[in-house]
file work-v4.pdb (PDB, C-alpha atoms)
ATOM      1  CA  MET A   1      -6.052   1.839 -36.928
ATOM      2  CA  ALA A   2      -6.500   5.444 -35.788
ATOM      3  CA  GLU A   3      -3.616   7.079 -33.934
ATOM      4  CA  TYR A   4      -3.658  10.251 -31.870
ATOM      5  CA  ARG A   5      -1.163  12.680 -30.421
ATOM      6  CA  ILE A   6      -1.806  13.397 -26.743
ATOM      7  CA  ASN A   7      -3.642  16.649 -27.489
ATOM      8  CA  GLU A   8      -5.851  14.896 -30.031
ATOM      9  CA  LEU A   9      -6.555  12.080 -27.565
ATOM     10  CA  ALA A  10      -7.516  14.666 -24.942
ATOM     11  CA  ASP A  11      -9.927  16.388 -27.350
ATOM     12  CA  ILE A  12     -11.664  13.227 -28.513
ATOM     13  CA  SER A  13     -11.874  11.613 -25.048
ATOM     14  CA  GLY A  14     -12.762  14.691 -23.027
ATOM     15  CA  VAL A  15      -9.912  13.905 -20.629
ATOM     16  CA  SER A  16      -7.340  16.643 -20.053
ATOM     17  CA  VAL A  17      -3.730  16.160 -21.102
ATOM     18  CA  ARG A  18      -2.728  16.492 -17.447
ATOM     19  CA  ASN A  19      -5.075  13.666 -16.382
ATOM     20  CA  ILE A  20      -3.902  11.454 -19.232
ATOM     21  CA  ARG A  21      -0.361  11.813 -17.896
ATOM     22  CA  VAL A  22      -1.584  11.151 -14.346
ATOM     23  CA  TYR A  23      -3.278   7.925 -15.489
ATOM     24  CA  GLN A  24      -0.038   6.863 -17.179
ATOM     25  CA  ASP A  25       1.998   7.631 -14.058
ATOM     26  CA  ARG A  26      -0.404   5.542 -11.960
ATOM     27  CA  GLY A  27      -0.199   2.625 -14.374
ATOM     28  CA  LEU A  28      -3.845   2.883 -15.448
ATOM     29  CA  LEU A  29      -3.037   3.810 -19.045
ATOM     30  CA  PRO A  30      -0.266   2.223 -21.137
ATOM     31  CA  SER A  31       2.485   4.451 -22.476
ATOM     32  CA  PRO A  32       2.125   5.658 -26.066
ATOM     33  CA  LYS A  33       4.078   4.223 -28.939
ATOM     34  CA  ILE A  34       7.074   6.463 -29.597
ATOM     35  CA  LYS A  35       7.804   7.401 -33.209
ATOM     36  CA  GLY A  36      10.674   9.798 -33.518
ATOM     37  CA  ARG A  37      10.046  12.234 -30.681
ATOM     38  CA  THR A  38       6.262  11.953 -30.714
ATOM     39  CA  GLY A  39       4.069   9.694 -28.612
ATOM     40  CA  TRP A  40       1.174   8.126 -30.502
ATOM     41  CA  TYR A  41      -1.938   6.736 -28.810
ATOM     42  CA  SER A  42      -4.179   4.091 -30.338
ATOM     43  CA  GLN A  43      -7.867   3.266 -30.281
ATOM     44  CA  GLU A  44      -7.125   0.963 -27.341
ATOM     45  CA  HIS A  45      -5.937   3.966 -25.344
ATOM     46  CA  LEU A  46      -9.183   5.775 -26.146
ATOM     47  CA  VAL A  47     -11.269   2.796 -25.031
ATOM     48  CA  ARG A  48      -9.226   2.521 -21.824
ATOM     49  CA  LEU A  49      -9.676   6.249 -21.121
ATOM     50  CA  ASN A  50     -13.436   5.996 -21.573
ATOM     51  CA  LEU A  51     -13.536   3.029 -19.177
ATOM     52  CA  ILE A  52     -11.438   4.851 -16.558
ATOM     53  CA  SER A  53     -13.728   7.897 -16.788
ATOM     54  CA  LYS A  54     -16.833   5.753 -16.280
ATOM     55  CA  LEU A  55     -15.311   3.983 -13.277
ATOM     56  CA  LEU A  56     -14.243   7.285 -11.710
ATOM     57  CA  ASP A  57     -17.748   8.671 -12.237
ATOM     58  CA  ARG A  58     -19.105   5.681 -10.322
ATOM     59  CA  GLY A  59     -16.864   6.446  -7.373
ATOM     60  CA  TYR A  60     -14.106   3.880  -7.855
ATOM     61  CA  THR A  61     -10.651   4.812  -6.560
ATOM     62  CA  PHE A  62      -7.468   4.672  -8.642
ATOM     63  CA  ALA A  63      -6.340   1.649  -6.612
ATOM     64  CA  THR A  64      -9.554  -0.283  -7.318
ATOM     65  CA  ILE A  65      -9.514   0.658 -11.000
ATOM     66  CA  SER A  66      -5.919  -0.548 -11.238
ATOM     67  CA  GLU A  67      -6.875  -3.911  -9.693
ATOM     68  CA  LEU A  68      -9.852  -4.311 -12.032
ATOM     69  CA  LEU A  69      -7.788  -3.468 -15.113
ATOM     70  CA  LEU A  70      -5.045  -5.852 -14.024
ATOM     71  CA  ALA A  71      -7.627  -8.587 -13.495
ATOM     72  CA  ALA A  72      -9.076  -7.972 -16.964
ATOM     73  CA  HIS A  73      -5.577  -8.106 -18.469
ATOM     74  CA  TYR A  74      -5.053 -11.611 -17.055
ATOM     75  CA  GLY A  75      -8.543 -12.802 -17.961
ATOM     76  CA  MET A  76      -9.781 -12.732 -14.381
ATOM     77  CA  LYS A  77     -13.277 -11.812 -13.275
ATOM     78  CA  VAL A  78     -14.325  -9.107 -10.842
ATOM     79  CA  GLU A  79     -15.016 -11.709  -8.163
ATOM     80  CA  HIS A  80     -11.372 -12.798  -8.366
ATOM     81  CA  VAL A  81     -10.340  -9.291  -7.342
ATOM     82  CA  LEU A  82     -12.864  -9.186  -4.524
ATOM     83  CA  ASP A  83     -12.346 -12.786  -3.384
ATOM     84  CA  GLY A  84     -10.630 -12.915  -0.043
ATOM     85  CA  GLU A  85     -11.060  -9.180   0.499
ATOM     86  CA  PRO A  86     -11.059  -8.546   4.242
ATOM     87  CA  LYS A  87     -14.439  -7.667   5.644
ATOM     88  CA  GLY A  88     -14.914  -4.031   6.532
ATOM     89  CA  GLY A  89     -14.110  -3.641  10.197
ATOM     90  CA  ARG A  90     -14.924  -0.818  12.545
ATOM     91  CA  TRP A  91     -11.863   1.176  11.550
ATOM     92  CA  ARG A  92     -12.761   0.918   7.857
ATOM     93  CA  THR A  93     -16.202   2.207   8.742
ATOM     94  CA  PHE A  94     -14.586   5.141  10.478
ATOM     95  CA  LYS A  95     -12.451   5.764   7.412
ATOM     96  CA  ARG A  96     -15.562   5.948   5.260
ATOM     97  CA  ALA A  97     -16.959   8.391   7.803
ATOM     98  CA  ALA A  98     -13.638  10.267   7.419
ATOM     99  CA  THR A  99     -13.031  11.172  11.060
ATOM    100  CA  ILE A 100     -12.906   9.794  14.589
ATOM    101  CA  THR A 101     -12.989  11.577  17.935
ATOM    102  CA  MET A 102     -10.258  11.757  20.550
ATOM    103  CA  THR A 103     -12.616  10.010  22.991
ATOM    104  CA  GLU A 104     -12.996   7.004  20.658
ATOM    105  CA  LEU A 105      -9.231   6.793  20.144
ATOM    106  CA  ARG A 106      -8.643   6.746  23.898
ATOM    107  CA  ARG A 107     -11.378   4.188  24.481
ATOM    108  CA  THR A 108     -10.481   1.723  21.726
ATOM    109  CA  ILE A 109      -6.675   1.714  21.693
ATOM    110  CA  GLY A 110      -5.809   3.591  24.860
ATOM    111  CA  ALA A 111      -4.366   6.473  22.866
ATOM    112  CA  THR A 112      -2.555   9.254  24.711
ATOM    113  CA  ASP A 113      -1.431  12.685  23.587
ATOM    114  CA  THR A 114       2.010  11.169  22.914
ATOM    115  CA  THR A 115       0.783   8.230  20.816
ATOM    116  CA  ILE A 116      -1.668  10.416  18.897
ATOM    117  CA  ALA A 117       1.176  12.791  18.036
ATOM    118  CA  MET A 118       3.292   9.783  16.950
ATOM    119  CA  SER A 119       0.411   8.489  14.807
ATOM    120  CA  GLN A 120       0.142  11.855  13.087
ATOM    121  CA  ARG A 121       3.891  11.946  12.447
ATOM    122  CA  LEU A 122       3.757   8.424  10.986
ATOM    123  CA  GLY A 123       0.861   9.376   8.720
ATOM    124  CA  LEU A 124      -1.685   7.113  10.425
ATOM    125  CA  LEU A 125      -3.903   9.966  11.626
ATOM    126  CA  ALA A 126      -4.489  13.494  10.346
ATOM    127  CA  LYS A 127      -6.014  16.287  12.407
ATOM    128  CA  GLU A 128      -9.266  17.597  10.968
ATOM    129  CA  GLY A 129     -10.804  20.217  13.212
ATOM    130  CA  ALA A 130     -11.589  18.677  16.590
ATOM    131  CA  GLN A 131     -11.372  15.137  15.159
ATOM    132  CA  TYR A 132      -8.902  12.906  13.314
ATOM    133  CA  ALA A 133      -9.001  11.343   9.846
ATOM    134  CA  ILE A 134      -7.882   7.709   9.797
ATOM    135  CA  LYS A 135      -5.277   7.179   7.069
ATOM    136  CA  SER A 136      -4.448   3.534   7.771
ATOM    137  CA  PRO A 137      -7.539   1.684   9.075
ATOM    138  CA  GLU A 138      -5.963  -1.762   8.630
ATOM    139  CA  LEU A 139      -3.018  -0.868  10.841
ATOM    140  CA  LEU A 140      -5.215   0.624  13.554
ATOM    141  CA  GLU A 141      -7.421  -2.468  13.510
ATOM    142  CA  GLY A 142      -4.339  -4.556  14.176
ATOM    143  CA  ALA A 143      -3.198  -2.106  16.853
ATOM    144  CA  GLU A 144      -6.513  -2.471  18.673
ATOM    145  CA  VAL A 145      -6.163  -6.260  18.774
ATOM    146  CA  LEU A 146      -2.602  -6.047  20.098
ATOM    147  CA  VAL A 147      -3.377  -3.359  22.665
ATOM    148  CA  LYS A 148      -6.235  -5.463  24.022
ATOM    149  CA  ALA A 149      -3.736  -8.334  24.332
ATOM    150  CA  GLY A 150      -1.532  -6.156  26.526
ATOM    151  CA  ILE A 151       0.918  -4.730  23.987
ATOM    152  CA  ASP A 152       2.022  -1.167  24.767
ATOM    153  CA  LEU A 153       0.772   1.201  22.042
ATOM    154  CA  GLU A 154       3.785   3.509  22.129
ATOM    155  CA  SER A 155       6.154   0.543  21.780
ATOM    156  CA  LEU A 156       4.044  -0.754  18.900
ATOM    157  CA  LEU A 157       4.210   2.603  17.075
ATOM    158  CA  ARG A 158       7.991   2.761  17.511
ATOM    159  CA  LYS A 159       8.303  -0.673  15.928
ATOM    160  CA  TRP A 160       6.061   0.450  13.073
ATOM    161  CA  GLU A 161       8.287   3.485  12.541
ATOM    162  CA  ARG A 162      11.240   1.129  12.182
ATOM    163  CA  VAL A 163       9.262  -1.015   9.718
ATOM    164  CA  GLN A 164       8.442   2.071   7.639
ATOM    165  CA  ASN A 165      12.108   3.022   7.499
ATOM    166  CA  ASP A 166      13.046  -0.524   6.472
ATOM    167  CA  LEU A 167      10.384  -0.483   3.763
ATOM    168  CA  ASP A 168      11.752   2.811   2.453
ATOM    169  CA  ASP A 169      15.138   1.095   2.086
ATOM    170  CA  VAL A 170      13.525  -1.821   0.243
ATOM    171  CA  ALA A 171      11.684   0.571  -2.071
ATOM    172  CA  ASP A 172      14.923   2.447  -2.753
ATOM    173  CA  SER A 173      16.586  -0.828  -3.735
ATOM    174  CA  PHE A 174      13.896  -1.672  -6.287
ATOM    175  CA  VAL A 175      13.774   1.824  -7.768
ATOM    176  CA  ALA A 176      17.588   1.832  -7.980
ATOM    177  CA  ILE A 177      17.349  -1.103 -10.386
ATOM    178  CA  ILE A 178      16.095   1.450 -12.906
ATOM    179  CA  THR A 179      17.680   4.693 -11.736
ATOM    180  CA  ASP A 180      21.188   3.208 -11.647
ATOM    181  CA  LYS A 181      20.895   2.710 -15.394
ATOM    182  CA  TYR A 182      19.073   5.875 -16.432
ATOM    183  CA  PHE A 183      20.269   8.445 -13.883
ATOM    184  CA  GLY A 184      23.719   9.893 -13.315
ATOM    185  CA  GLU A 185      25.623   9.816 -10.034
ATOM    186  CA  ASP A 186      24.249  13.260  -9.157
ATOM    187  CA  GLY A 187      20.688  11.942  -9.481
ATOM    188  CA  GLN A 188      20.045  13.855 -12.720
ATOM    189  CA  LEU A 189      18.429  12.163 -15.693
ATOM    190  CA  LEU A 190      21.001  11.396 -18.347
ATOM    191  CA  ASP A 191      20.757  13.007 -21.773
ATOM    192  CA  LEU A 192      18.403  10.465 -23.282
ATOM    193  CA  GLU A 193      16.116  10.356 -26.284
ATOM    194  CA  GLU A 194      12.391  10.571 -25.547
ATOM    195  CA  LYS A 195      12.141   6.910 -26.510
ATOM    196  CA  GLU A 196      14.604   5.982 -23.760
ATOM    197  CA  VAL A 197      12.772   8.141 -21.221
ATOM    198  CA  ALA A 198       9.510   6.386 -22.101
ATOM    199  CA  LYS A 199      11.288   3.050 -21.744
ATOM    200  CA  ALA A 200      12.539   3.993 -18.271
ATOM    201  CA  ALA A 201       9.034   5.032 -17.220
ATOM    202  CA  HIS A 202       7.641   1.757 -18.559
ATOM    203  CA  LEU A 203      10.236  -0.259 -16.636
ATOM    204  CA  ILE A 204       9.412   1.543 -13.389
ATOM    205  CA  ARG A 205       5.720   0.764 -13.835
ATOM    206  CA  THR A 206       6.617  -2.848 -14.627
ATOM    207  CA  VAL A 207       8.848  -3.218 -11.566
ATOM    208  CA  ARG A 208       6.226  -1.807  -9.189
ATOM    209  CA  PRO A 209       3.756  -4.763  -9.158
ATOM    210  CA  MET A 210       6.636  -7.244  -9.381
ATOM    211  CA  ALA A 211       8.320  -5.644  -6.376
ATOM    212  CA  HIS A 212       5.076  -5.783  -4.416
ATOM    213  CA  GLU A 213       4.672  -9.508  -5.058
ATOM    214  CA  ILE A 214       8.338 -10.273  -4.349
ATOM    215  CA  VAL A 215       8.370  -8.389  -1.048
ATOM    216  CA  GLN A 216       5.024  -9.830   0.009
ATOM    217  CA  SER A 217       6.188 -13.374  -0.719
ATOM    218  CA  ALA A 218       9.562 -12.864   0.985
ATOM    219  CA  PHE A 219       7.925 -11.292   4.034
ATOM    220  CA  ARG A 220       5.437 -14.157   4.308
ATOM    221  CA  ARG A 221       8.288 -16.685   4.324
ATOM    222  CA  ALA A 222      10.302 -14.664   6.841
ATOM    223  CA  LEU A 223       7.281 -14.254   9.104
ATOM    224  CA  ASP A 224       6.548 -17.977   8.994
ATOM    225  CA  ARG A 225      10.159 -18.710   9.970
ATOM    226  CA  LYS A 226      10.104 -16.271  12.878
ATOM    227  CA  ILE A 227       6.755 -17.589  14.135
ATOM    228  CA  SER A 228       8.057 -21.161  14.002
ATOM    229  CA  ILE A 229      11.172 -20.167  15.959
ATOM    230  CA  ALA A 230       9.129 -18.305  18.576
ATOM    231  CA  ILE A 231       6.731 -21.221  19.017
ATOM    232  CA  GLY A 232       9.653 -23.634  19.246
ATOM    233  CA  GLU A 233      11.357 -21.557  21.943
ATOM    234  CA  ALA A 234       8.100 -21.317  23.908
ATOM    235  CA  SER A 235       7.682 -25.089  23.673
ATOM    236  CA  GLU A 236      11.220 -25.663  24.984
ATOM    237  CA  ILE A 237      10.528 -23.432  27.972
ATOM    238  CA  LEU A 238       7.311 -25.302  28.755
ATOM    239  CA  GLU A 239       8.949 -28.702  28.374
ATOM    240  CA  GLY A 240      12.075 -27.695  30.261
ATOM    241  CA  ASP A 241      10.453 -26.878  33.623
ATOM    242  CA  PRO A 242       6.797 -27.910  33.738
ATOM    243  CA  GLY A 243       6.881 -27.791  37.541
ATOM    244  CA  GLU A 244       7.306 -24.047  37.408
ATOM    245  CA  PHE A 245       3.726 -23.667  36.290
ATOM    246  CA  ASP A 246       2.453 -26.067  38.952
ATOM    247  CA  GLN A 247       3.525 -23.588  41.613
ATOM    248  CA  ILE A 248       0.971 -20.973  40.630
ATOM    249  CA  ASP A 249      -2.046 -20.674  42.937
ATOM    250  CA  ILE A 250      -5.245 -19.373  41.390
ATOM    251  CA  ALA A 251      -7.118 -16.989  43.653
ATOM    252  CA  PRO A 252     -10.957 -16.873  43.741
ATOM    253  CA  ASP A 253     -10.922 -13.683  41.653
ATOM    254  CA  GLY A 254      -8.981 -15.498  38.905
ATOM    255  CA  SER A 255      -5.591 -13.896  39.565
ATOM    256  CA  GLY A 256      -2.471 -16.018  39.995
ATOM    257  CA  THR A 257       0.160 -15.866  42.723
ATOM    258  CA  GLN A 258       3.532 -17.594  42.688
ATOM    259  CA  THR A 259       4.200 -19.866  45.696
ATOM    260  CA  THR A 260       7.626 -20.809  46.979
TER
END
call {"tool": "encode", "arguments": {"input": "work-v4.pdb", "output": "structure tokens"}}
result
Amino acid sequence: MAEYRINELADISGVSVRNIRVYQDRGLLPSPKIKGRTGWYSQEHLVRLNLISKLLDRGYTFATISELLLAAHYGMKVEHVLDGEPKGGRWRTFKRAATITMTELRRTIGATDTTIAMSQRLGLLAKEGAQYAIKSPELLEGAEVLVKAGIDLESLLRKWERVQNDLDDVADSFVAIITDKYFGEDGQLLDLEEKEVAKAAHLIRTVRPMAHEIVQSAFRRALDRKISIAIGEASEILEGDPGEFDQIDIAPDGSGTQTT
């Protein structure tokens, strides 16, 4: 079977050495086989590179390509990747359009100068001329639903900031699984052979999808527990003093007033 150094692989595939390394860093291309201090790429790497190039030419993102390659690795079909994909909502449409106006932000989620500034700081919006690029359409879709239900947007963004900080801590914990072994106390990479460096890089790429699944599963269980507790507490309140709700008079306009 033919083997190539990275420069040879770049020449024969038409993909630059820099992009080959980028594809490896993003988990799209497997690491080379290390012999001595040289990385050797196989015909499978060449085939994978050609496939990645074709998918990029057709407009697929790195994230989508990664999902498709992962699906192929496990013998899944394209429809398995797309199955259950959330339907494109209004915010996703805006993301495809790249920008949204201040007027639309105020109308849909009651945005203010303060909350727009917070959204920019949190990386949810990015100023582009007189408009804003939407960086997290899924989150803003959820924000719209909650704001319409009466949740204060600024309070919601502050909670999201806390969630982001917590997620950074979780990510640090997973990455530390590798760095604690391969990095010194000062954060510098230990004096390792190229083979060991490649092994560390491979482990990090391996941990990434595992960490995603572990955190997603753990969060789902935690969320289910918290929802059950909240519903149980609400039920106890309702069962504890049902007469309290009988003392509410409904006015002709639909509003309620408490009677004593």
call {"tool": "closest_residue", "arguments": {"input": "work-v4.pdb", "among": "A:Thr179, A:Gln131, A:Thr206, A:Ser13", "to": "A:Gln43", "atoms": "all atoms listed in the file"}}
result
A:Ser13
call {"tool": "resolve_selection", "arguments": {"input": "work-v4.pdb", "expression": "the PyMOL selection byres ((chain A and resi 8) around 12)", "output": "list of chain:residue names"}}
result
A:Ala2, A:Glu3, A:Tyr4, A:Arg5, A:Ile6, A:Asn7, A:Leu9, A:Ala10, A:Asp11, A:Ile12, A:Ser13, A:Gly14, A:Val15, A:Ser16, A:Val17, A:Ile20, A:Gly39, A:Trp40, A:Tyr41, A:Ser42, A:Gln43, A:His45, A:Leu46
call {"tool": "residues_near_point", "arguments": {"input": "work-v4.pdb", "point": "(-10.3, 11.1, 20.9)", "cutoff": "10 Å", "atoms": "only C-alpha atoms", "output": "number ranges by chain"}}
result
A: 100-108, 110-113, 116, 130-132
call {"tool": "write_last_selection", "arguments": {"input": "work-v4.pdb", "atoms": "C-alpha atoms", "output": "short mmCIF file (atom, residue, chain, number, x, y, z; two decimals), in the coordinates of the input"}}
result
data_model
loop_
_atom_site.label_atom_id
_atom_site.label_comp_id
_atom_site.auth_asym_id
_atom_site.auth_seq_id
_atom_site.Cartn_x
_atom_site.Cartn_y
_atom_site.Cartn_z
CA ILE A 100 -12.91 9.79 14.59
CA THR A 101 -12.99 11.58 17.93
CA MET A 102 -10.26 11.76 20.55
CA THR A 103 -12.62 10.01 22.99
CA GLU A 104 -13.00 7.00 20.66
CA LEU A 105 -9.23 6.79 20.14
CA ARG A 106 -8.64 6.75 23.90
CA ARG A 107 -11.38 4.19 24.48
CA THR A 108 -10.48 1.72 21.73
CA GLY A 110 -5.81 3.59 24.86
CA ALA A 111 -4.37 6.47 22.87
CA THR A 112 -2.56 9.25 24.71
CA ASP A 113 -1.43 12.68 23.59
CA ILE A 116 -1.67 10.42 18.90
CA ALA A 130 -11.59 18.68 16.59
CA GLN A 131 -11.37 15.14 15.16
CA TYR A 132 -8.90 12.91 13.31
#
call {"tool": "resolve_selection", "arguments": {"input": "work-v4.pdb", "expression": "the PyMOL selection byres ((chain A and resi 52) around 12)", "output": "ChimeraX atom specification"}}
result
/A:13-15,19-20,22-24,26-29,45-51,53-66,68-69
call {"tool": "atom_distance", "arguments": {"input": "work-v4.pdb", "atom1": "atom CA of A:Gly36", "atom2": "atom CA of A:Met210"}}
result
29.8 Å
call {"tool": "residues_around", "arguments": {"input": "work-v4.pdb", "residues": "A:Ala143", "least_positions_apart": "3", "cutoff": "10 Å", "atoms": "only C-alpha atoms", "output": "VMD selection string"}}
result
chain A and resid 108 to 109 137 to 140 146 to 149 151 to 153 156 to 157
call {"tool": "write_last_selection", "arguments": {"input": "work-v4.pdb", "atoms": "C-alpha atoms", "output": "PDB file, keeping the file's coordinate frame"}}
result
ATOM      1  CA  THR A 108     -10.481   1.723  21.726  1.00  0.00           C
ATOM      2  CA  ILE A 109      -6.675   1.714  21.693  1.00  0.00           C
ATOM      3  CA  PRO A 137      -7.539   1.684   9.075  1.00  0.00           C
ATOM      4  CA  GLU A 138      -5.963  -1.762   8.630  1.00  0.00           C
ATOM      5  CA  LEU A 139      -3.018  -0.868  10.841  1.00  0.00           C
ATOM      6  CA  LEU A 140      -5.215   0.624  13.554  1.00  0.00           C
ATOM      7  CA  LEU A 146      -2.602  -6.047  20.098  1.00  0.00           C
ATOM      8  CA  VAL A 147      -3.377  -3.359  22.665  1.00  0.00           C
ATOM      9  CA  LYS A 148      -6.235  -5.463  24.022  1.00  0.00           C
ATOM     10  CA  ALA A 149      -3.736  -8.334  24.332  1.00  0.00           C
ATOM     11  CA  ILE A 151       0.918  -4.730  23.987  1.00  0.00           C
ATOM     12  CA  ASP A 152       2.022  -1.167  24.767  1.00  0.00           C
ATOM     13  CA  LEU A 153       0.772   1.201  22.042  1.00  0.00           C
ATOM     14  CA  LEU A 156       4.044  -0.754  18.900  1.00  0.00           C
ATOM     15  CA  LEU A 157       4.210   2.603  17.075  1.00  0.00           C
TER      16      LEU A 157
END
